[in-house]
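Following: one structure in structure tokens, then a few remarks.
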Amino acid sequence: MHLDEFQLHQPESLPEAISLAREFAGQFDYLAGGTDLLPNYKMHLNPRPHLISLDAIPELHRFSPDQGDLGAMVRLREMEGSAGLASRYPAVAQAAREVATPLVRASGTLGGNLLVETRCFFFNQSYFWRQSLGFCLKADGDRCHVVPQKEKCYATFSGDLAPALMALDARVRLMGPEGTREIPLTDLYPRDGDGIRRTSLRAGEVLEGVTLPPPVQGLRSIYLKLRVRPSYDFPELGVAVALCQDGGRVSHLRVALGGLEMVPRRMDALTDPLVGSQLTGESLRALGEAIRSAVRPVHNTFLAPDYRRKMTAVLVRRAVRSLTEGS
Amino acid sequence: MLREDLGLTGSKRGCDLGTCGCCTVLLDGVPTLSCLTLAKLAEGREITTIEGIAPPGGLHPVQKAFVEKGATQCGFCTPGFIMTAVAFLRDHPSPTREEISRAVSGNLCRCTGYVKILDAIEAASRAMAREGASSA
Amino acid sequence: MTPAASGEAPAVPHRLIGARVPLVDASLKVTGRAEYTDDLRRPNLLVGRILKSVHPHARIRKIDVTEARKVPGVAAVLTGDRYPRTFGVLPMTHDETALAVDRVRYIGEGVVAVAAVDEETCERAFARIRVEYEPLPVYDDPKVSRNPVAVKIHERALRDTNLQKEVFQHFGDLPGAWRAAAHSVRVSARYAGVTHAFTEPHAVLAEYSPDGRLTVWSATQVPHYLHRALSEVLDLPMHRIRVIKPEVGGGFGGKSDPFPHEIACAALAMETGRPVKIVFDRDDVFYTNHGRHPTWNTVGIAADALGRFTALDVEALLDGGAWSSFGTVTTYYNGVLAMGPYQFPNFRYHGARAYTNHPPSGAMRAHGGTNIRYSVEVAVDMLAEEMGWDPTELRLRNFLPPHSTTVNEFRITSNSVRQCLLAARERSGWREKFRALPYGQGIGIACGFYISGSNSPIHFTPKFPQCTVHLKVDMDGGVTVHCGAADIGQGSKTILAQVVGEVLGIPLDRIRIAAVDSDTAPIDIGSYSSRVTFMMGNAAKRAAEDLRRQLVQAASDLTGYARESLECGGDRIYVRHRPQVGVSFLEAVHRAMEHTGALHASGSYESAPMGGTFKGARAGTAPAYSFSAYAAEVEVDVETGFVRVRKVWAGFDCGRPLNPQSVEGQIEGSIHMGLGQLLSESLNYRGPRLMNPSLLDYKIVMPQDMPEVECLLVGEDDPEGPFGAKEAGEGPLIPVLPAVGNALYDALGVRFLDLPITPDKVLRALEEKERREGRLSKPAPPAVMPVPAGGTDHAPR
């Protein structure tokens with residue numbers, strides 16, 4: 001296998017990176033670890049002639065879990081090994097620990113995992129394989145083979161960190177040619193997209209880092225991942241839950257899901273009504289079922305979509321139960 | 001680059017996509033997939049391959065344990081496992097078997113069922129502890 | 001090192017045989033110094049790549065390579081019409097070509113081969129190749145292929161169907177036995193295709209020199225068949241071809257056919273006069289496949305009122321993919337390997353293998369014996385339940401005795417299956433656990449057997465032994481062993497060294513195993529059918545004994561003692577009754593060389609004629625069989641359907657284990673591979689298309705999911721095996737699948753008959769059971785439980 005020829009840029013500051021982005025608009029990808037991008041390039045999945053590596057920009061490597069401030073280029077290996085992160089934001093440390101393999105986590109980064117390419121059986125294949133099928137909407141073709149039509153890509157969002165960070169109300173800092181902004185992480189993943197443009201990033205924008213609010217007293221969080229094997233596999237489903245209880249009543253509850261649909265998703269409409277109530281086996285079961293019927297996975301990962309939906313209910317229940325039990 | 005230009009063929013090419021671990025090297029001491037590492041981004045950094053861990057004419061304790069415990073069969077995955085294990089034992093001198101399993105879970109082996117690989121890493125950790133104790 | 005003087009004629013204990021000897025090449029492997037084909041460099045080397053078919057089934061109207069030839073850096077562009085002669089691993093079913101000729105038959109089949117300065121240039125050339133295809137009807141289902149079809153995938157397919165092979169066998173009176181049976185069960189099961197997934201992708205390097213000689217280095221399990229195929233297709237005499245097997249990074253059957261890319265690479269080297277190397281991408285490995293056949297089978301077992309098996313009725317339908325490969329053998333094996341380790345007086349088999357437009361199926365570890373064994377062992381379990389018997393008791397009642405003959409005339413010699421079962425039952429705590437663990441946990445048991453080397457070599461003309469070993473002694477007493485057996489990681493070089501060292505009484509460091517090189521190695525028919533330890537071991541033992549005779553004669557000349565009183569050991573040849581009297585090994589060597597300047601010896605192995613005279617009688621005959629019984633304990637997460645195998649107790653009879661550490665390695669690796677097929681591995685086809693040609697999506701078992709394994713090596717010496725040894729490379733895979741399958745039944749009360757048993761299938765089955773029965777519960781315990789420990793011999797036969 002080989003990489004098509006590209007020019008590698010190694011800016012040492014964000015302004016330099018952004019000016020390169022402006023110069024090569026539409027002709028580049030940011031490189032933030034490469035464990036997802038380089039395999040895709042080797043399979044000739046939308047390769048571009050310029051790669052702007054973010055590795056040499058010092059501030060992107062900052063890692064201050066105590067301040068809830070994480071640079072985009074922090075390695076997953078660093079995150080999984082951080083006692084500070086594990087104690088303040090356990091779901092995030094757990095999610096980092098569950099990504100791919102130790103070797104991938106040595107190179108893979110926080111930013112890379114948040115912006116990981118969506119995945120599909122019909123997309124993550126060699127050029128030859130896709131050629132034999134006639135290509136797909138997401139690369140080199142004009143139709144979707146999962147849900148036959150020509151408008152929308154149904155590839156699955158397969159990052160682990162996004163649900164964990166969403167459940168903890170993370171915000172992301174974005175820097176681009178038009179300036180800097182900070183948005184809730186949930187807003188990075190618009191649900192009304194066509195699946196091809198997967199995020200609300202504007203042209204040339206860099207995901208600079210993640211901010212997490214200080215955990216309120218009593219906040220607990222967890223990330224559970226469904227996959228066939230305990231390493232390597234992308235999530236068939238990722239469930240993150242953040243919960244705070246006050247005298248047996250829910251004072252704060254967030255559930256976020258990944259690995260199911262085109263974007264990760266927080267289920268506030270289903271969890272907000274539980275705030276102020278007491279969690280019972282029955283309400284928990286109802287929550288699981290409500291979430292299950294709200295999600296729409298398609299058949300483009302290893303396990304069948306109806307199974308993944310069922311597991312959504314099971315993992316949500318398990319996650320909440322494990323947070324309530326220990327308290 | 002390592003294999004073609006430098007002739008260091010100890011690191012193997014098994015998939016080119018980060019899915020087998022046969023190409024594992026240490027990049028500034030951290031086990032890393034060389035197939036997913038651009039040579040230019042490794043400039044100025046220290047790369048250790050399987051060719052570079054043993055004393056001249058001898059074997060690293062992890063290599064020795066792999067030999068003695070029967071942890072290598074076809075041998076194609078072996079350099080990758082050893083590089084992972086060397087770094088892991090440096091950071092975790094007395095690991096549990098479960099920790100070892102997790103540490104090598106990015107390296108595929110199709111011959112051994114991993115059993116003797118885990119045995120070897122356990123044995124190496126004990127041997128290194130003994131060595132450390134006797135040299136201290 | 002002086003052997004202890006005992007005064008009596010001592011039984012000299014084995015020194016190397018039975019010892020936990022590390023692999024002789026391990027130090028090369030752990031240092032990265034072992035050389036695999038992709039590690040080899042030649043001056044002026046070109047890269048070869050193969051353009052693959054994007055169609056599953058199509059006529060090739062036209063291939064235009066004119067523009068591709070013009071790409072700078074391209075040295076040769078080769079199409080199928082240049083070398084159209086067919087080949088294949090079995091002489092009777094040649095249906096492959098080096099590159100597609102007129103027709104493509106699966107997505108991924110090679111169409112054009114290009115040699116160029118680098119991979120990118122090859123790809124640029126591919127982009128300029130125009131192939132006009134005319135699509136043909138696609139056959140992706142063997143159930144369709146077995147009926148009359150519009151287009152035959154190969155002309156040689158049977159009648160007007162796409163069947164490649166059909167087998168009918170009937171021994172005794174099956175319908176009669178079935179009518180008379182007191183109990184009977186029938187099981188139908190489905191098996192997804194699985195593949196070897198060795199870590200080293202296929203690789204080949206070929207060089208054609210001006211003296212008209214072709215040298216091919218290849219990652220092959222069978223250098224000799226490659227040698228033949230190269231000669232046949234390229235029309236070069238074998239003496240002008242040299243095949244060298246470097247280290248091979250795993251095979252498991254997937255490198256045992258001669259492959260089109262090997263021939264294409266050699267052809268490119270001949271065209272260009274330059275060395276050419278082809279190394280597969282990982283997805284190419286998946287398209288090349290030759291893995292275990294996707295299978296549908298049905299097994300019926302009948303028994304009399306006393307629990308004696310009276311009939312075995314087997315049907316199997318195999319998806320062979322586009323080529324024959326080993327398929328004729330596979331078709332036989334799926335029936336004839338169903339019987340042992342049990343005795344069945346009546347047996348009927350109907351097997352069929354269909355061509356489809358899938359990548360070819362072939363031989364994979366425990367070839368032909370794995371899928372059918374799962375169905376048989378599940379059926380035995382079901383029969384036991386129907387009869388109210390403990391399944392271990394039912395098995396004990398029906399084992400083939402040692403030194404017996406099966407109804408289809410297999411000659412059984414040593415057989416310790418009973419000891420295997422008793423050991424697994426005892427060590428696993430069967431009595432306390434069977435039907436007694438909490439819901440979701442279970443224990444299961446299953447047996448198996450496998451050939452220890454196919455008795456009939458694939459090539460029988462000209463007639464020659466199945467293995468020959470040459471020994472050459474250096475002037476300093478070093479012994480070089482030349483042998484054509486391919487070490488693919490299983491450790492055959494180490495076994496060679498142990499056998500030779502044992503016979504000659506010299507340490508391993510005196511022995512050097514020469515790489516397999518057809519210029520110097522005598523013929524061995526390859527590393528498949530679990531034949532190497534048995535056949536090569538016997539040949540090596542005879543070669544060493546030949547050498548020992550020469551050295552003992554020399555020692556006798558030097559010491560004046562009679563040959564019969566001399567013994568080899570401790571690097572010496574000494575008088576058995578007076579061990580202090582003797583000569584060093586080297587002194588004997590020098591004496592023996594005195595008038596020749598050289599010392600050589602040879603030994604060979606040829607199995608005895610055996611088997612019946614009916615059609616297909618040779619299939620499955622072997623000079624010995626391994627036997628096995630495994631117990632497995634599982635735990636199921638009943639909310640998610642995830643299965644965890646806690647522990648496997650592996651009772652295995654490989655005769656005398658020549659190297660217990662290696663045997664354990666084979667058992668542990670087999671369990672890993674078997675669990676993969678059972679729980680997570682499958683080649684997922686949608687129509688003709690393979691959906692998961694990658695090590696990410698083809699899910700082999702991770703270290704965290706490996707169970708604890710306890711190896712119980714309980715075999716007795718086999719009368720014909722070298723030092724009593726039998727195979728341990730493939731048989732160990734077989735029983736783990738049904739042992740776990742039966743344990744799942746014990747845990748959940750559900751029979752799983754569609755492999756792999758992924759979590760979604762487990763959950764679906766539990767939901768169905770709950771719907772059907774209104775609750776989830778364990779099956780009831782049997783009325784007949786095993787007798788207490790110690791009561792080992794209670795077989796009614």
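Each chain in the structure tokens gets a letter, A, B and so on, in the order shown; residues start at 1 in every chain, and ligands are counted from 1 in the order they appear.
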Assign secondary structure with DSSP using the backbone only, and return the residues of chain B in alpha helix (DSSP H) as a PyMOL selection string. chain B and resi 61-68+78-91+97-103+115-135
Surrounding residues of segment 733-748 of chain C excluding itself and chain neighbours under 4 positions, 8 Å, only C-alpha atoms, as a PyMOL selection string: chain C and resi 365-366+369-370+373-375+377-378+381+434-435+437-449+628-636+645+648+667+670-671+673-675+677-678+752+766+776-779
Go through chain B residue by residue and, counting only C-alpha atoms, keep those with an atom at most 9 Å from chain A; for each kept residue give the shortest atom pair and its distance in Å to one decimal, ordered by chain and increasing number, as CSV.
```
residue,atom,partner,partner_atom,distance
B:Cys15,CA,A:Met1,CA,8.7
B:Asp16,CA,A:Met1,CA,6.7
B:Leu17,CA,A:Pro39,CA,5.1
B:Gly18,CA,A:Thr35,CA,7.3
B:Thr19,CA,A:Tyr232,CA,7.5
B:Gly21,CA,A:Leu103,CA,7.5
B:Thr24,CA,A:Leu103,CA,7.9
B:Val30,CA,A:Ala106,CA,7.0
B:Pro31,CA,A:Leu103,CA,6.3
B:Thr32,CA,A:Leu103,CA,5.4
B:Leu33,CA,A:Leu103,CA,6.2
B:Cys35,CA,A:Leu38,CA,8.9
B:Leu36,CA,A:Thr35,CA,6.0
B:Thr37,CA,A:Gly34,CA,7.4
B:Leu38,CA,A:Gly34,CA,8.7
B:Lys40,CA,A:Leu8,CA,8.4
B:Leu41,CA,A:Asp55,CA,8.0
B:Thr84,CA,A:Leu103,CA,8.4
B:Arg102,CA,A:Pro102,CA,8.0
B:Ala103,CA,A:Pro102,CA,6.5
B:Val104,CA,A:Pro102,CA,7.6
B:Ser105,CA,A:Ser231,CA,6.2
B:Gly106,CA,A:Thr101,CA,4.7
B:Asn107,CA,A:Leu103,CA,8.2
```
Output file for the selection above: N, CA, C and O atoms, as a tab-separated table (two decimals), in the first residue's frame:
```tsv
chain	number	residue	atom	x	y	z
B	15	CYS	N	0.11	-5.38	7.62
B	15	CYS	CA	-1.18	-4.89	7.12
B	15	CYS	C	-1.11	-3.48	6.59
B	15	CYS	O	-1.96	-3.07	5.82
B	16	ASP	N	-0.13	-2.70	7.04
B	16	ASP	CA	0.03	-1.32	6.57
B	16	ASP	C	-1.06	-0.38	7.07
B	16	ASP	O	-1.11	0.77	6.65
B	17	LEU	N	-1.97	-0.87	7.90
B	17	LEU	CA	-3.12	-0.05	8.28
B	17	LEU	C	-3.29	0.09	9.79
B	17	LEU	O	-4.32	0.52	10.27
B	18	GLY	N	-2.27	-0.33	10.53
B	18	GLY	CA	-2.37	-0.21	11.99
B	18	GLY	C	-3.20	-1.29	12.64
B	18	GLY	O	-3.58	-1.15	13.80
B	19	THR	N	-3.48	-2.36	11.92
B	19	THR	CA	-4.37	-3.38	12.48
B	19	THR	C	-3.66	-4.67	12.91
B	19	THR	O	-4.34	-5.63	13.27
B	21	GLY	N	0.08	-4.63	14.31
B	21	GLY	CA	1.12	-4.39	15.31
B	21	GLY	C	2.48	-4.97	14.97
B	21	GLY	O	3.42	-4.86	15.77
B	24	THR	N	5.61	-2.51	15.07
B	24	THR	CA	5.80	-1.67	16.25
B	24	THR	C	7.28	-1.32	16.50
B	24	THR	O	8.14	-2.19	16.52
B	30	VAL	N	8.11	5.19	23.25
B	30	VAL	CA	6.70	4.80	23.26
B	30	VAL	C	6.41	3.85	22.10
B	30	VAL	O	6.72	4.18	20.95
B	31	PRO	N	5.81	2.68	22.38
B	31	PRO	CA	5.49	1.76	21.28
B	31	PRO	C	4.54	2.42	20.29
B	31	PRO	O	3.49	2.94	20.67
B	32	THR	N	4.93	2.38	19.04
B	32	THR	CA	4.24	3.16	18.02
B	32	THR	C	4.17	2.33	16.74
B	32	THR	O	5.10	1.59	16.42
B	33	LEU	N	3.09	2.50	16.01
B	33	LEU	CA	2.93	1.81	14.72
B	33	LEU	C	3.73	2.55	13.66
B	33	LEU	O	3.39	3.68	13.30
B	35	CYS	N	3.82	1.93	10.58
B	35	CYS	CA	3.09	2.07	9.32
B	35	CYS	C	2.20	3.30	9.31
B	35	CYS	O	1.77	3.74	8.26
B	36	LEU	N	1.90	3.84	10.48
B	36	LEU	CA	1.04	5.03	10.53
B	36	LEU	C	1.82	6.25	11.02
B	36	LEU	O	1.24	7.20	11.54
B	37	THR	N	3.13	6.19	10.88
B	37	THR	CA	3.95	7.31	11.33
B	37	THR	C	4.71	7.87	10.13
B	37	THR	O	5.44	7.14	9.47
B	38	LEU	N	4.49	9.13	9.84
B	38	LEU	CA	5.22	9.74	8.73
B	38	LEU	C	6.66	9.98	9.17
B	38	LEU	O	6.91	10.54	10.25
B	40	LYS	N	8.79	12.04	8.31
B	40	LYS	CA	9.14	13.44	8.53
B	40	LYS	C	8.72	13.93	9.91
B	40	LYS	O	9.37	14.79	10.50
B	41	LEU	N	7.64	13.36	10.43
B	41	LEU	CA	7.19	13.78	11.76
B	41	LEU	C	8.02	13.13	12.85
B	41	LEU	O	7.92	13.48	14.01
B	84	THR	N	6.58	-3.80	22.18
B	84	THR	CA	5.50	-3.39	23.09
B	84	THR	C	5.83	-3.80	24.52
B	84	THR	O	5.69	-3.02	25.46
B	102	ARG	N	-3.86	-6.56	28.29
B	102	ARG	CA	-4.31	-5.28	27.76
B	102	ARG	C	-3.18	-4.57	27.01
B	102	ARG	O	-3.39	-4.00	25.96
B	103	ALA	N	-1.99	-4.66	27.59
B	103	ALA	CA	-0.86	-3.93	26.99
B	103	ALA	C	-0.53	-4.45	25.60
B	103	ALA	O	-0.11	-3.69	24.74
B	104	VAL	N	-0.71	-5.75	25.38
B	104	VAL	CA	-0.35	-6.31	24.07
B	104	VAL	C	-1.57	-6.45	23.16
B	104	VAL	O	-1.49	-7.09	22.11
B	105	SER	N	-2.67	-5.83	23.53
B	105	SER	CA	-3.90	-6.07	22.77
B	105	SER	C	-3.95	-5.28	21.46
B	105	SER	O	-4.97	-5.28	20.78
B	106	GLY	N	-2.85	-4.65	21.11
B	106	GLY	CA	-2.78	-4.03	19.78
B	106	GLY	C	-1.85	-4.80	18.86
B	106	GLY	O	-1.53	-4.35	17.77
B	107	ASN	N	-1.36	-5.92	19.34
B	107	ASN	CA	-0.48	-6.78	18.55
B	107	ASN	C	-1.21	-8.09	18.29
B	107	ASN	O	-1.62	-8.75	19.23
```
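Counting only C-alpha atoms, the residue from C:Val24, C:Val407, C:Met536, C:Ala617 that sits nearest to chain B is C:Val24.
For chain C, the residues no farther than 8 Å from chain A when using only C-alpha atoms are Lys52, Ser53, Val54, His55, Ile107, Glu119, Glu120, Asp281, Asp283, Glu639, Thr640, Ser680, Met691, Asn692, Leu696, Asp697, Lys699, Val701, Met702, Gln704, Asp705, Pro759 and Asp760 of chain C.
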Residues from last step as file, N, CA and C atoms, as a CSV table (one decimal), in the first residue's frame:
```csv
chain,number,residue,atom,x,y,z
C,52,LYS,N,-6.6,-6.7,-10.3
C,52,LYS,CA,-7.6,-7.7,-9.9
C,52,LYS,C,-9.0,-7.4,-10.6
C,53,SER,N,-9.7,-8.5,-10.7
C,53,SER,CA,-11.0,-8.4,-11.4
C,53,SER,C,-12.0,-7.7,-10.4
C,54,VAL,N,-12.7,-6.7,-11.0
C,54,VAL,CA,-13.8,-6.1,-10.2
C,54,VAL,C,-15.1,-6.8,-10.4
C,55,HIS,N,-15.1,-7.7,-11.3
C,55,HIS,CA,-16.4,-8.5,-11.5
C,55,HIS,C,-16.3,-9.9,-10.9
C,107,ILE,N,-14.4,-11.7,-7.5
C,107,ILE,CA,-13.9,-10.3,-7.3
C,107,ILE,C,-12.5,-10.5,-6.6
C,119,GLU,N,5.7,0.5,-6.6
C,119,GLU,CA,4.3,0.3,-6.5
C,119,GLU,C,3.5,1.4,-7.2
C,120,GLU,N,3.9,2.6,-7.0
C,120,GLU,CA,3.1,3.7,-7.6
C,120,GLU,C,3.1,3.6,-9.1
C,281,ASP,N,-1.0,-6.9,-0.4
C,281,ASP,CA,-1.6,-6.1,0.6
C,281,ASP,C,-2.5,-7.0,1.4
C,283,ASP,N,-5.7,-6.9,2.0
C,283,ASP,CA,-7.0,-7.3,1.4
C,283,ASP,C,-6.7,-8.4,0.3
C,639,GLU,N,-27.8,-10.5,29.2
C,639,GLU,CA,-28.5,-9.3,28.7
C,639,GLU,C,-27.9,-8.8,27.4
C,640,THR,N,-26.6,-9.1,27.2
C,640,THR,CA,-25.9,-8.7,26.0
C,640,THR,C,-25.6,-9.8,25.0
C,680,SER,N,-16.5,-15.3,16.6
C,680,SER,CA,-16.5,-14.0,16.0
C,680,SER,C,-16.0,-13.9,14.6
C,691,MET,N,-17.3,-8.5,2.5
C,691,MET,CA,-17.5,-7.2,3.1
C,691,MET,C,-16.4,-6.8,4.1
C,692,ASN,N,-15.6,-7.8,4.5
C,692,ASN,CA,-14.6,-7.5,5.6
C,692,ASN,C,-13.2,-8.0,5.3
C,696,LEU,N,-9.2,-5.6,10.8
C,696,LEU,CA,-10.0,-4.8,11.7
C,696,LEU,C,-11.4,-5.4,11.7
C,697,ASP,N,-11.9,-5.8,10.5
C,697,ASP,CA,-13.3,-6.3,10.4
C,697,ASP,C,-13.4,-7.8,10.4
C,699,LYS,N,-12.6,-10.7,12.7
C,699,LYS,CA,-12.4,-10.5,14.1
C,699,LYS,C,-11.7,-11.7,14.8
C,701,VAL,N,-9.5,-13.5,17.8
C,701,VAL,CA,-9.7,-13.3,19.3
C,701,VAL,C,-8.5,-12.5,19.9
C,702,MET,N,-8.8,-11.7,20.8
C,702,MET,CA,-7.9,-10.8,21.5
C,702,MET,C,-7.3,-11.5,22.7
C,704,GLN,N,-7.2,-10.7,25.7
C,704,GLN,CA,-8.1,-10.6,26.9
C,704,GLN,C,-9.2,-11.6,26.9
C,705,ASP,N,-9.5,-12.1,25.7
C,705,ASP,CA,-10.6,-13.1,25.6
C,705,ASP,C,-10.2,-14.5,25.5
C,759,PRO,N,-22.8,-12.2,19.6
C,759,PRO,CA,-23.7,-11.8,20.7
C,759,PRO,C,-25.1,-11.5,20.2
C,760,ASP,N,-25.3,-10.9,19.0
C,760,ASP,CA,-26.6,-10.7,18.6
C,760,ASP,C,-27.4,-12.0,18.3
```
Within 8 Å of chain B, which residues of chain C are there when counting only C-alpha atoms? Please give them as a PyMOL selection string. chain C and resi 22-23+26-27+29-34+39+197-201+247-250+281-282+488-491+661-662+665-666+668-673+695-696+702-704+706
Residues within 9 Å of Ile513 of chain C, only C-alpha atoms, excluding chain neighbours under 2 positions, as a list of chain:residue names: C:Val24, C:Val479, C:Thr480, C:Val481, C:His482, C:Cys483, C:Lys493, C:Thr494, C:Leu496, C:Ala497, C:Ile511, C:Ala515, C:Val516
Any chance you could export the current selection's N, CA, C and O atoms as a compact mmCIF listing (two decimals), in the first residue's frame?
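Written file, out.txt:
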```
# COMPACT_ATOMS: atom_id res chain seq x y z
N VAL C 24 14.64 -23.96 17.64
CA VAL C 24 16.05 -23.75 17.31
C VAL C 24 16.28 -22.42 16.59
O VAL C 24 17.39 -21.90 16.57
N VAL C 479 26.46 -31.43 12.11
CA VAL C 479 25.58 -32.20 11.23
C VAL C 479 24.60 -31.23 10.58
O VAL C 479 23.87 -30.52 11.27
N THR C 480 24.62 -31.21 9.25
CA THR C 480 23.65 -30.37 8.53
C THR C 480 22.53 -31.26 8.04
O THR C 480 22.77 -32.31 7.45
N VAL C 481 21.30 -30.80 8.31
CA VAL C 481 20.13 -31.58 7.93
C VAL C 481 19.47 -30.90 6.73
O VAL C 481 19.12 -29.73 6.78
N HIS C 482 19.32 -31.65 5.66
CA HIS C 482 18.61 -31.16 4.49
C HIS C 482 17.25 -31.85 4.42
O HIS C 482 17.19 -33.08 4.39
N CYS C 483 16.24 -31.04 4.39
CA CYS C 483 14.90 -31.61 4.39
C CYS C 483 13.97 -30.63 3.71
O CYS C 483 14.11 -29.43 3.86
N LYS C 493 11.59 -27.56 12.22
CA LYS C 493 13.07 -27.57 12.27
C LYS C 493 13.56 -28.08 13.63
O LYS C 493 14.56 -28.80 13.73
N THR C 494 12.85 -27.66 14.66
CA THR C 494 13.24 -28.06 16.01
C THR C 494 13.03 -29.56 16.21
O THR C 494 13.88 -30.24 16.81
N LEU C 496 13.11 -31.79 13.85
CA LEU C 496 14.21 -32.42 13.10
C LEU C 496 15.47 -32.51 13.94
O LEU C 496 16.12 -33.56 14.04
N ALA C 497 15.82 -31.37 14.54
CA ALA C 497 17.06 -31.31 15.32
C ALA C 497 16.97 -32.24 16.53
O ALA C 497 17.93 -32.93 16.88
N ILE C 511 23.88 -29.32 15.47
CA ILE C 511 22.99 -29.63 14.34
C ILE C 511 22.53 -28.34 13.68
O ILE C 511 22.12 -27.39 14.35
N ALA C 515 18.05 -24.38 5.27
CA ALA C 515 16.79 -23.84 4.77
C ALA C 515 16.28 -24.73 3.65
O ALA C 515 17.05 -25.42 2.99
N VAL C 516 14.96 -24.69 3.44
CA VAL C 516 14.41 -25.52 2.37
C VAL C 516 14.81 -24.90 1.02
O VAL C 516 14.48 -23.76 0.73
```
Per DSSP on the backbone, what are the strand (DSSP E or B) residues of segment 697-793 of chain C, as a list of chain:residue names? C:Glu708, C:Val709, C:Glu710, C:Cys711, C:Leu712, C:Leu713, C:Ala725, C:Asp754, C:Leu755, C:Val784
For Ala521 of chain C, please output as number ranges by chain all residues within 12 Å (counting only C-alpha atoms; exclusion window: fewer than 3 positions along the same chain). C: 223-224, 242-245, 467-472, 480-486, 513-518, 524-525, 602
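With distances restricted to only C-alpha atoms, B:Met83 is the closest residue to Leu27 of chain B from B:Ala133, B:Asp91, B:Met83, B:Leu6.
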